[in-house]
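Peer 1: The following file, final_21.txt, comprises compact mmCIF, C-alpha atoms:
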```
# COMPACT_ATOMS: atom_id res chain seq x y z
CA MET A 386 106.11 108.92 136.33
CA ALA A 387 107.74 110.57 133.26
CA ALA A 388 111.24 109.36 132.45
CA ASN A 389 114.15 111.66 133.17
CA PRO A 390 114.72 113.79 130.01
CA SER A 391 118.47 113.26 130.11
CA LEU A 392 117.91 109.49 130.37
CA ARG A 393 115.57 109.64 127.37
CA ASN A 394 118.19 111.65 125.48
CA ALA A 395 120.84 109.09 126.34
CA PHE A 396 118.63 106.24 125.11
CA ALA A 397 117.94 108.16 121.91
CA TRP A 398 121.64 108.81 121.37
CA LEU A 399 122.47 105.14 121.91
CA GLY A 400 119.59 104.09 119.71
CA ARG A 401 120.82 106.28 116.87
CA LEU A 402 124.33 104.90 117.18
CA LEU A 403 123.09 101.31 117.26
CA LEU A 404 120.63 101.68 114.39
CA GLY A 405 122.73 103.91 112.14
CA GLY A 406 125.95 102.06 112.87
CA THR A 407 124.45 98.63 112.25
CA PHE A 408 123.02 99.59 108.89
CA VAL A 409 126.18 101.38 107.74
CA VAL A 410 128.33 98.35 108.61
CA ALA A 411 125.86 95.85 107.12
CA ALA A 412 125.62 97.88 103.92
CA GLY A 413 129.40 98.06 103.63
CA PHE A 414 129.78 94.28 103.57
CA LYS A 415 127.02 93.91 100.98
CA ILE A 416 128.38 96.68 98.74
CA LEU A 417 131.74 94.90 98.61
CA ASP A 418 130.22 91.66 97.25
CA PRO A 419 126.97 92.26 95.31
CA PRO A 420 126.70 88.76 93.79
CA ALA A 421 126.85 87.18 97.23
CA PHE A 422 124.04 89.39 98.48
CA VAL A 423 121.97 88.68 95.36
CA ALA A 424 122.48 84.97 96.08
CA ASP A 425 121.40 85.48 99.70
CA ILE A 426 118.20 87.18 98.53
CA GLY A 427 117.60 84.33 96.10
CA HIS A 428 117.90 81.79 98.92
CA TYR A 429 114.66 83.12 100.40
CA ARG A 430 112.81 81.98 97.25
CA LEU A 431 110.47 84.99 97.38
CA LEU A 432 111.49 87.01 94.31
CA PRO A 433 112.28 86.24 90.67
CA TYR A 434 115.96 86.53 89.78
CA PRO A 435 115.81 89.95 88.02
CA LEU A 436 114.12 91.50 91.07
CA ALA A 437 116.65 89.86 93.37
CA VAL A 438 119.43 91.49 91.33
CA ALA A 439 117.74 94.91 91.42
CA LEU A 440 117.24 94.67 95.16
CA GLY A 441 120.69 93.21 95.73
CA VAL A 442 122.28 96.21 94.04
CA TYR A 443 119.94 98.95 95.37
CA LEU A 444 119.24 97.87 98.94
CA PRO A 445 122.80 98.17 100.34
CA TRP A 446 123.03 101.76 99.07
CA LEU A 447 119.65 102.55 100.58
CA GLU A 448 120.76 101.06 103.90
CA LEU A 449 124.01 103.03 103.78
CA SER A 450 122.17 106.28 103.02
CA CYS A 451 119.65 105.73 105.81
CA GLY A 452 122.26 104.64 108.34
CA ALA A 453 124.41 107.67 107.57
CA ALA A 454 121.38 109.99 107.70
CA VAL A 455 120.54 108.71 111.19
CA LEU A 456 124.13 109.12 112.40
CA ILE A 457 124.64 112.65 111.06
CA ARG A 458 121.00 113.65 111.76
CA ARG A 459 120.22 114.95 108.29
CA LEU A 460 116.95 113.77 106.68
CA GLU A 461 116.73 111.73 109.87
CA GLN A 462 112.96 111.34 110.03
CA GLY A 463 112.80 110.02 106.49
CA ALA A 464 115.65 107.62 107.15
CA LEU A 465 113.97 106.31 110.29
CA LEU A 466 110.73 105.77 108.39
CA ILE A 467 112.54 103.77 105.70
CA LEU A 468 114.54 101.76 108.25
CA ALA A 469 111.41 100.90 110.23
CA GLY A 470 109.79 99.70 107.00
CA LEU A 471 112.87 97.72 105.98
CA CYS A 472 113.10 96.03 109.38
CA GLY A 473 109.46 95.06 109.10
CA LEU A 474 109.98 93.58 105.63
CA PHE A 475 113.17 91.77 106.69
CA SER A 476 111.35 90.30 109.69
CA LEU A 477 108.54 89.02 107.48
CA ALA A 478 110.97 87.50 105.00
CA ILE A 479 113.03 85.82 107.71
CA ALA A 480 109.94 84.50 109.49
CA SER A 481 108.66 83.16 106.18
CA ALA A 482 111.94 81.35 105.44
CA TRP A 483 112.02 79.93 108.95
CA ALA A 484 108.43 78.70 108.68
CA ARG A 485 109.21 77.01 105.33
CA GLY A 486 112.21 75.22 106.86
CA LEU A 487 114.74 76.74 104.47
CA ASP A 488 118.33 75.77 105.25
CA ILE A 489 119.77 79.25 104.79
CA THR A 490 121.55 81.98 106.74
CA CYS A 491 120.09 85.42 107.30
CA GLY A 492 122.34 87.30 104.85
CA CYS A 493 121.94 90.40 107.03
CA PHE A 494 125.64 91.23 106.93
CA GLY A 495 126.44 89.61 103.62
CA HIS A 496 128.97 86.80 104.02
CA ALA A 497 130.84 88.52 106.85
CA THR A 498 128.79 86.60 109.39
CA SER A 499 126.55 83.57 109.14
CA SER A 500 123.78 84.46 111.54
CA SER A 501 120.92 82.01 111.84
CA LEU A 502 117.34 82.91 110.94
CA PRO A 503 116.12 83.22 114.57
CA LEU A 504 119.01 85.56 115.42
CA GLY A 505 118.37 87.58 112.26
CA LEU A 506 114.70 87.82 113.12
CA ALA A 507 115.41 88.98 116.67
CA ARG A 508 117.85 91.58 115.38
CA SER A 509 115.43 92.90 112.72
CA LEU A 510 112.61 93.23 115.21
CA THR A 511 114.84 94.98 117.75
CA LEU A 512 116.20 97.45 115.21
CA GLY A 513 112.69 98.09 113.91
CA LEU A 514 111.50 98.94 117.41
CA VAL A 515 114.47 101.27 117.90
CA ALA A 516 113.61 103.02 114.61
CA LEU A 517 109.98 103.42 115.65
CA PHE A 518 111.01 104.77 119.07
CA LEU A 519 113.31 107.36 117.49
CA LEU A 520 110.71 108.25 114.86
CA ARG A 521 108.05 108.84 117.50
CA ARG A 522 110.46 110.78 119.65
CA GLY A 523 111.44 112.99 116.73
CA HIS A 524 107.78 113.68 115.93
CA HIS A 525 107.09 114.86 119.49
CA THR A 526 110.16 117.06 119.87
CA ILE A 527 109.55 119.34 116.89
CA SER A 528 110.07 122.88 118.12
CA PRO A 529 106.75 124.76 118.33
CA ASN A 530 106.21 127.85 116.23
CA PRO A 531 106.27 130.79 118.74
CA ASN A 532 103.53 132.49 116.72
CA ARG A 533 101.14 129.57 117.08
CA PRO A 534 100.06 127.54 120.13
CA TYR A 535 101.58 124.06 120.53
CA PRO A 536 100.32 121.62 119.38
CA ALA A 537 99.49 123.63 116.26
CA VAL A 538 95.83 124.59 116.07
CA ARG A 539 94.35 125.03 112.63
CA GLN A 540 92.24 128.18 112.48
CA ILE A 541 88.87 127.67 110.88
CA ARG A 542 87.80 130.72 108.94
CA MET B 1391 104.54 114.79 105.98
CA LYS B 1392 108.15 115.65 106.77
CA PRO B 1393 109.26 112.02 107.24
CA LEU B 1394 107.50 111.03 104.01
CA ARG B 1395 109.11 113.87 102.01
CA GLU B 1396 112.54 113.08 103.41
CA SER B 1397 112.11 109.36 102.72
CA PHE B 1398 111.33 110.05 99.04
CA VAL B 1399 114.51 112.13 98.81
CA ILE B 1400 116.61 109.32 100.29
CA LEU B 1401 114.95 106.66 98.13
CA ALA B 1402 115.70 108.71 95.03
CA LEU B 1403 119.26 109.61 96.04
CA ALA B 1404 120.19 105.96 96.70
CA VAL B 1405 119.41 105.09 93.07
CA ILE B 1406 122.44 107.03 91.82
CA PRO B 1407 125.22 105.05 93.53
CA ALA B 1408 123.28 101.83 92.89
CA LEU B 1409 123.27 102.45 89.13
CA LEU B 1410 126.93 103.46 89.20
CA SER B 1411 127.71 100.27 91.10
CA LEU B 1412 125.88 98.18 88.50
CA TRP B 1413 128.00 99.80 85.79
CA LEU B 1414 131.41 100.08 87.46
CA HIS B 1415 131.65 97.49 90.25
CA PRO B 1416 134.30 94.85 89.38
CA GLN B 1417 132.07 92.18 90.91
CA ARG B 1418 128.69 93.25 89.59
CA PRO B 1419 126.08 90.46 89.50
CA VAL B 1420 125.13 88.72 86.28
CA LEU B 1421 122.16 90.42 84.61
CA ALA B 1422 119.87 87.70 83.31
CA TRP B 1423 116.20 86.79 83.27
CA THR B 1424 116.85 83.49 85.03
CA LYS B 1425 119.23 82.68 87.84
CA PRO B 1426 122.57 81.34 86.68
CA GLY B 1427 123.48 78.33 88.75
CA VAL B 1428 125.62 75.27 88.88
CA GLU B 1429 124.39 72.24 86.97
CA GLU B 1430 122.37 69.70 88.96
CA VAL B 1431 123.04 65.99 88.71
CA GLU B 1432 120.86 63.00 89.61
CA LEU B 1433 122.16 60.66 92.30
CA ALA B 1434 122.19 57.68 89.94
CA THR B 1435 124.35 59.59 87.46
CA ALA B 1436 126.81 60.86 90.07
CA THR B 1437 127.29 57.44 91.69
CA GLY B 1438 127.87 55.94 88.26
CA TRP B 1439 130.81 58.22 87.45
CA SER B 1440 134.25 56.69 87.42
CA PRO B 1441 136.71 58.11 89.95
CA PRO B 1442 137.89 60.60 90.94
CA VAL B 1443 134.67 62.06 92.36
CA LEU B 1444 134.77 64.26 95.45
CA TRP B 1445 131.58 64.59 97.49
CA VAL B 1446 131.16 67.83 99.44
CA ASP B 1447 128.68 68.13 102.31
CA ALA B 1448 127.42 71.74 102.46
CA ARG B 1449 125.11 71.27 105.43
CA ALA B 1450 125.64 73.58 108.40
CA GLY B 1451 125.96 72.54 112.04
CA GLU B 1452 126.35 68.98 113.22
CA ALA B 1453 124.44 67.35 110.38
CA PHE B 1454 127.66 65.91 108.96
CA GLN B 1455 128.41 64.10 112.24
CA HIS B 1456 125.01 62.39 112.16
CA GLY B 1457 125.52 60.92 108.71
CA HIS B 1458 127.03 61.75 105.34
CA VAL B 1459 127.95 60.31 101.97
CA PRO B 1460 130.98 58.01 102.45
CA ASP B 1461 134.29 59.88 102.06
CA ALA B 1462 132.45 63.24 101.76
CA ILE B 1463 134.27 66.41 102.85
CA PRO B 1464 132.36 68.87 105.06
CA LEU B 1465 132.46 72.42 103.66
CA ASN B 1466 129.71 74.94 104.35
CA GLU B 1467 129.66 78.71 103.98
CA ALA B 1468 129.41 79.28 107.74
CA SER B 1469 132.75 77.52 108.34
CA TRP B 1470 134.36 78.22 104.98
CA GLU B 1471 137.75 79.44 106.23
CA GLN B 1472 138.16 76.55 108.71
CA GLN B 1473 137.00 73.75 106.41
CA LEU B 1474 138.48 74.85 103.06
CA PRO B 1475 141.99 73.45 103.78
CA GLY B 1476 140.47 69.98 104.24
CA PHE B 1477 138.76 70.23 100.87
CA LEU B 1478 141.88 71.51 99.11
CA ALA B 1479 143.91 68.64 100.56
CA ALA B 1480 141.46 66.14 99.06
CA TRP B 1481 140.98 67.76 95.64
CA ARG B 1482 143.11 66.84 92.64
CA PRO B 1483 142.98 68.17 89.05
CA GLY B 1484 140.47 66.23 87.00
CA THR B 1485 138.21 65.52 90.00
CA ARG B 1486 134.45 65.88 89.59
CA ILE B 1487 132.95 67.67 92.59
CA VAL B 1488 129.41 66.89 93.75
CA VAL B 1489 128.00 69.24 96.40
CA TYR B 1490 124.91 68.36 98.44
CA CYS B 1491 122.85 69.78 101.28
CA ASP B 1492 119.74 68.60 103.09
CA SER B 1493 117.17 68.27 100.36
CA ARG B 1494 115.66 69.91 97.32
CA ALA B 1495 114.51 72.84 99.51
CA CYS B 1496 117.96 74.04 100.56
CA ASP B 1497 120.27 76.31 98.61
CA ALA B 1498 123.43 75.78 100.62
CA SER B 1499 124.87 73.43 97.99
CA GLN B 1500 124.42 76.03 95.22
CA GLY B 1501 126.10 78.62 97.43
CA VAL B 1502 129.14 76.41 98.01
CA ALA B 1503 129.27 75.35 94.36
CA LEU B 1504 129.13 78.96 93.15
CA ARG B 1505 131.97 79.88 95.50
CA PHE B 1506 134.03 77.03 94.01
CA GLU B 1507 133.40 78.56 90.57
CA ARG B 1508 133.99 82.21 91.50
CA GLU B 1509 136.74 82.01 94.08
CA LEU B 1510 138.64 78.83 93.23
CA LYS B 1511 137.86 78.72 89.48
CA LEU B 1512 137.33 74.96 89.69
CA PRO B 1513 135.79 73.09 86.74
CA GLU B 1514 133.47 70.08 86.87
CA ILE B 1515 131.25 71.18 89.75
CA TYR B 1516 127.77 69.73 90.22
CA VAL B 1517 124.98 69.99 92.76
CA LEU B 1518 123.23 66.79 93.82
CA LYS B 1519 119.54 66.94 92.93
CA GLY B 1520 117.49 66.12 96.02
CA GLY B 1521 120.48 66.41 98.33
CA TRP B 1522 121.15 64.19 101.33
CA ALA B 1523 117.49 63.18 101.39
CA SER B 1524 117.85 61.48 98.00
CA TRP B 1525 120.95 59.57 99.22
CA GLN B 1526 119.09 58.39 102.33
CA GLN B 1527 116.14 57.19 100.23
CA THR B 1528 118.42 55.08 98.06
CA HIS B 1529 120.74 53.82 100.79
CA ARG B 1530 118.42 52.88 103.67
```
As structure tokens - that is how I would like this structure written.

Peer 2:
Amino acid sequence: MAANPSLRNAFAWLGRLLLGGTFVVAAGFKILDPPAFVADIGHYRLLPYPLAVALGVYLPWLELSCGAAVLIRRLEQGALLILAGLCGLFSLAIASAWARGLDITCGCFGHATSSSLPLGLARSLTLGLVALFLLRRGHHTISPNPNRPYPAVRQIR
Amino acid sequence: MKPLRESFVILALAVIPALLSLWLHPQRPVLAWTKPGVEEVELATATGWSPPVLWVDARAGEAFQHGHVPDAIPLNEASWEQQLPGFLAAWRPGTRIVVYCDSRACDASQGVALRFERELKLPEIYVLKGGWASWQQTHR
């Protein structure tokens, strides 16, 4: 049985708030203290220091841009694509650190919280799934062109 | 294609504030080819120092309760606000500080030591090479 459209809309609205809001808040903490976030990236022992610095400076602004784009629904599809990719990468990094027994915190919200690796992993996976759900939903709710049948049929000449 | 196009726009736009932040942020990170860190010290060297030497246990959770360097002060980043007063009560000017965590694989001790440098401007800070594991090997 198809889900009630208004229920789906409500889930989508909540999903946008959760995803966009989380990344905006997380980015804010990291933007306030770049060296701390660079150190957190370094703790994962995956990147050389110069790359950790580049990522530590760039990533919070990317997260802020994507989170804001999801909340205000401008460039939303692009933002969701990036956030889904970021959540996937974060999940891999956290899982890798956990598997190697590293005694570190997630670093997901800078030094504002000290979430453990399992909690960080669960959060990344959840947010990634929310991003994929919203991305798929956005793809299937594109208004059809009244001059062409929906889904669009390419005419072969 | 629309998500891909939009994602390129966002990726490009985010570069601008990032570069501005690198130039203008009062707390921008150190640009270097290698990671700046606190000096490491061997256990034999640290235990041979004349007092005062203050040992700081940077391990998270209940590790401290299960065993620690004698007279060590617990201070980890997760409980920084709660544990810092205890450290400050024990520290005196001229004290060498040795921070340790579980083993060579953990970075918690560097994190605590760097916070001592940046936030408290303390001199004479060292990280124990090999951490608690090296102490246990020597003091079975």

Peer 1: Give me, as a list of chain:residue names, the residues of chain A touching chain B, with the criterion being at most 7 Å (counting all atoms listed in the file).

Peer 2: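 The contacting residues on chain A are A:Asp418, A:Pro419, A:Pro420, A:His428, A:Tyr434, A:Pro435, A:Val438, A:Val442, A:Tyr443, A:Trp446, A:Leu447, A:Ser450, A:Leu460, A:Gln462, A:Gly463, A:Ala464, A:Leu466, A:Ile467, A:Leu487, A:Asp488, A:Ile489, A:Ser499.
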
Peer 1: Distance atom CA of A:Leu392-atom CA of A:Ala454, one decimal place?

Peer 2: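 Between atom CA of A:Leu392 and atom CA of A:Ala454 the gap is 22.9 Å.
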
Peer 1: Give me the residues near A:Gly505 as number ranges by chain, where near means some atom within 8 Å (using only C-alpha atoms) and where sequence neighbours in that chain fewer than 6 positions away do not count.

Peer 2: A: 476, 479, 491, 493

Peer 1: Go ahead and dump the residues you just picked, C-alpha atoms, as a PDB file, in the frame of the given file.

Peer 2:
```pdb
ATOM      1  CA  SER A 476     111.350  90.300 109.690  1.00  0.00           C
ATOM      2  CA  ILE A 479     113.030  85.820 107.710  1.00  0.00           C
ATOM      3  CA  CYS A 491     120.090  85.420 107.300  1.00  0.00           C
ATOM      4  CA  CYS A 493     121.940  90.400 107.030  1.00  0.00           C
TER       5      CYS A 493
END
```

Peer 1: In Å, how far is it from atom CA of B:Ile1487 to atom CA of B:Leu1518?

Peer 2: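 Pair atom CA of B:Ile1487 / atom CA of B:Leu1518 returns 9.8 Å.
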
Peer 1: Would you fill the gaps in stretch 480-493 of chain A so it has N, CA, C and O atoms, then print it as a PDB file, keeping the file's coordinate frame?

Peer 2:
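Written output follows (result21.pdb):
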```pdb
ATOM      1  N   ALA A 480     110.951  85.370 108.865  1.00  0.00           N
ATOM      2  CA  ALA A 480     109.940  84.500 109.490  1.00  0.00           C
ATOM      3  C   ALA A 480     109.375  83.521 108.457  1.00  0.00           C
ATOM      4  O   ALA A 480     109.147  82.343 108.754  1.00  0.00           O
ATOM      5  N   SER A 481     109.184  84.021 107.239  1.00  0.00           N
ATOM      6  CA  SER A 481     108.660  83.160 106.180  1.00  0.00           C
ATOM      7  C   SER A 481     109.632  82.024 105.852  1.00  0.00           C
ATOM      8  O   SER A 481     109.236  80.863 105.701  1.00  0.00           O
ATOM      9  N   ALA A 482     110.926  82.365 105.744  1.00  0.00           N
ATOM     10  CA  ALA A 482     111.940  81.350 105.440  1.00  0.00           C
ATOM     11  C   ALA A 482     112.020  80.323 106.558  1.00  0.00           C
ATOM     12  O   ALA A 482     112.146  79.120 106.325  1.00  0.00           O
ATOM     13  N   TRP A 483     111.951  80.813 107.777  1.00  0.00           N
ATOM     14  CA  TRP A 483     112.020  79.930 108.950  1.00  0.00           C
ATOM     15  C   TRP A 483     110.824  78.981 108.970  1.00  0.00           C
ATOM     16  O   TRP A 483     110.969  77.772 109.195  1.00  0.00           O
ATOM     17  N   ALA A 484     109.654  79.520 108.675  1.00  0.00           N
ATOM     18  CA  ALA A 484     108.430  78.700 108.680  1.00  0.00           C
ATOM     19  C   ALA A 484     108.473  77.641 107.569  1.00  0.00           C
ATOM     20  O   ALA A 484     107.940  76.545 107.726  1.00  0.00           O
ATOM     21  N   ARG A 485     109.140  77.968 106.445  1.00  0.00           N
ATOM     22  CA  ARG A 485     109.210  77.010 105.330  1.00  0.00           C
ATOM     23  C   ARG A 485     110.370  76.038 105.497  1.00  0.00           C
ATOM     24  O   ARG A 485     110.588  75.195 104.631  1.00  0.00           O
ATOM     25  N   GLY A 486     111.119  76.162 106.597  1.00  0.00           N
ATOM     26  CA  GLY A 486     112.210  75.220 106.860  1.00  0.00           C
ATOM     27  C   GLY A 486     113.389  75.370 105.922  1.00  0.00           C
ATOM     28  O   GLY A 486     114.107  74.393 105.658  1.00  0.00           O
ATOM     29  N   LEU A 487     113.615  76.556 105.391  1.00  0.00           N
ATOM     30  CA  LEU A 487     114.740  76.740 104.470  1.00  0.00           C
ATOM     31  C   LEU A 487     116.070  76.680 105.222  1.00  0.00           C
ATOM     32  O   LEU A 487     116.226  77.305 106.270  1.00  0.00           O
ATOM     33  N   ASP A 488     116.995  75.953 104.654  1.00  0.00           N
ATOM     34  CA  ASP A 488     118.330  75.770 105.250  1.00  0.00           C
ATOM     35  C   ASP A 488     119.244  76.895 104.761  1.00  0.00           C
ATOM     36  O   ASP A 488     120.134  76.673 103.942  1.00  0.00           O
ATOM     37  N   ILE A 489     119.007  78.097 105.261  1.00  0.00           N
ATOM     38  CA  ILE A 489     119.770  79.250 104.790  1.00  0.00           C
ATOM     39  C   ILE A 489     120.220  80.112 105.971  1.00  0.00           C
ATOM     40  O   ILE A 489     119.730  79.946 107.084  1.00  0.00           O
ATOM     41  N   THR A 490     121.183  80.996 105.721  1.00  0.00           N
ATOM     42  CA  THR A 490     121.550  81.980 106.740  1.00  0.00           C
ATOM     43  C   THR A 490     120.821  83.278 106.437  1.00  0.00           C
ATOM     44  O   THR A 490     120.276  83.455 105.350  1.00  0.00           O
ATOM     45  N   CYS A 491     120.866  84.170 107.397  1.00  0.00           N
ATOM     46  CA  CYS A 491     120.090  85.420 107.300  1.00  0.00           C
ATOM     47  C   CYS A 491     120.533  86.271 106.110  1.00  0.00           C
ATOM     48  O   CYS A 491     119.703  86.831 105.408  1.00  0.00           O
ATOM     49  N   GLY A 492     121.857  86.407 105.908  1.00  0.00           N
ATOM     50  CA  GLY A 492     122.340  87.300 104.850  1.00  0.00           C
ATOM     51  C   GLY A 492     122.314  88.759 105.263  1.00  0.00           C
ATOM     52  O   GLY A 492     122.507  89.645 104.439  1.00  0.00           O
ATOM     53  N   CYS A 493     122.108  89.029 106.546  1.00  0.00           N
ATOM     54  CA  CYS A 493     121.940  90.400 107.030  1.00  0.00           C
ATOM     55  C   CYS A 493     123.229  91.222 106.907  1.00  0.00           C
ATOM     56  O   CYS A 493     123.163  92.432 106.716  1.00  0.00           O
TER      57      CYS A 493
END
```
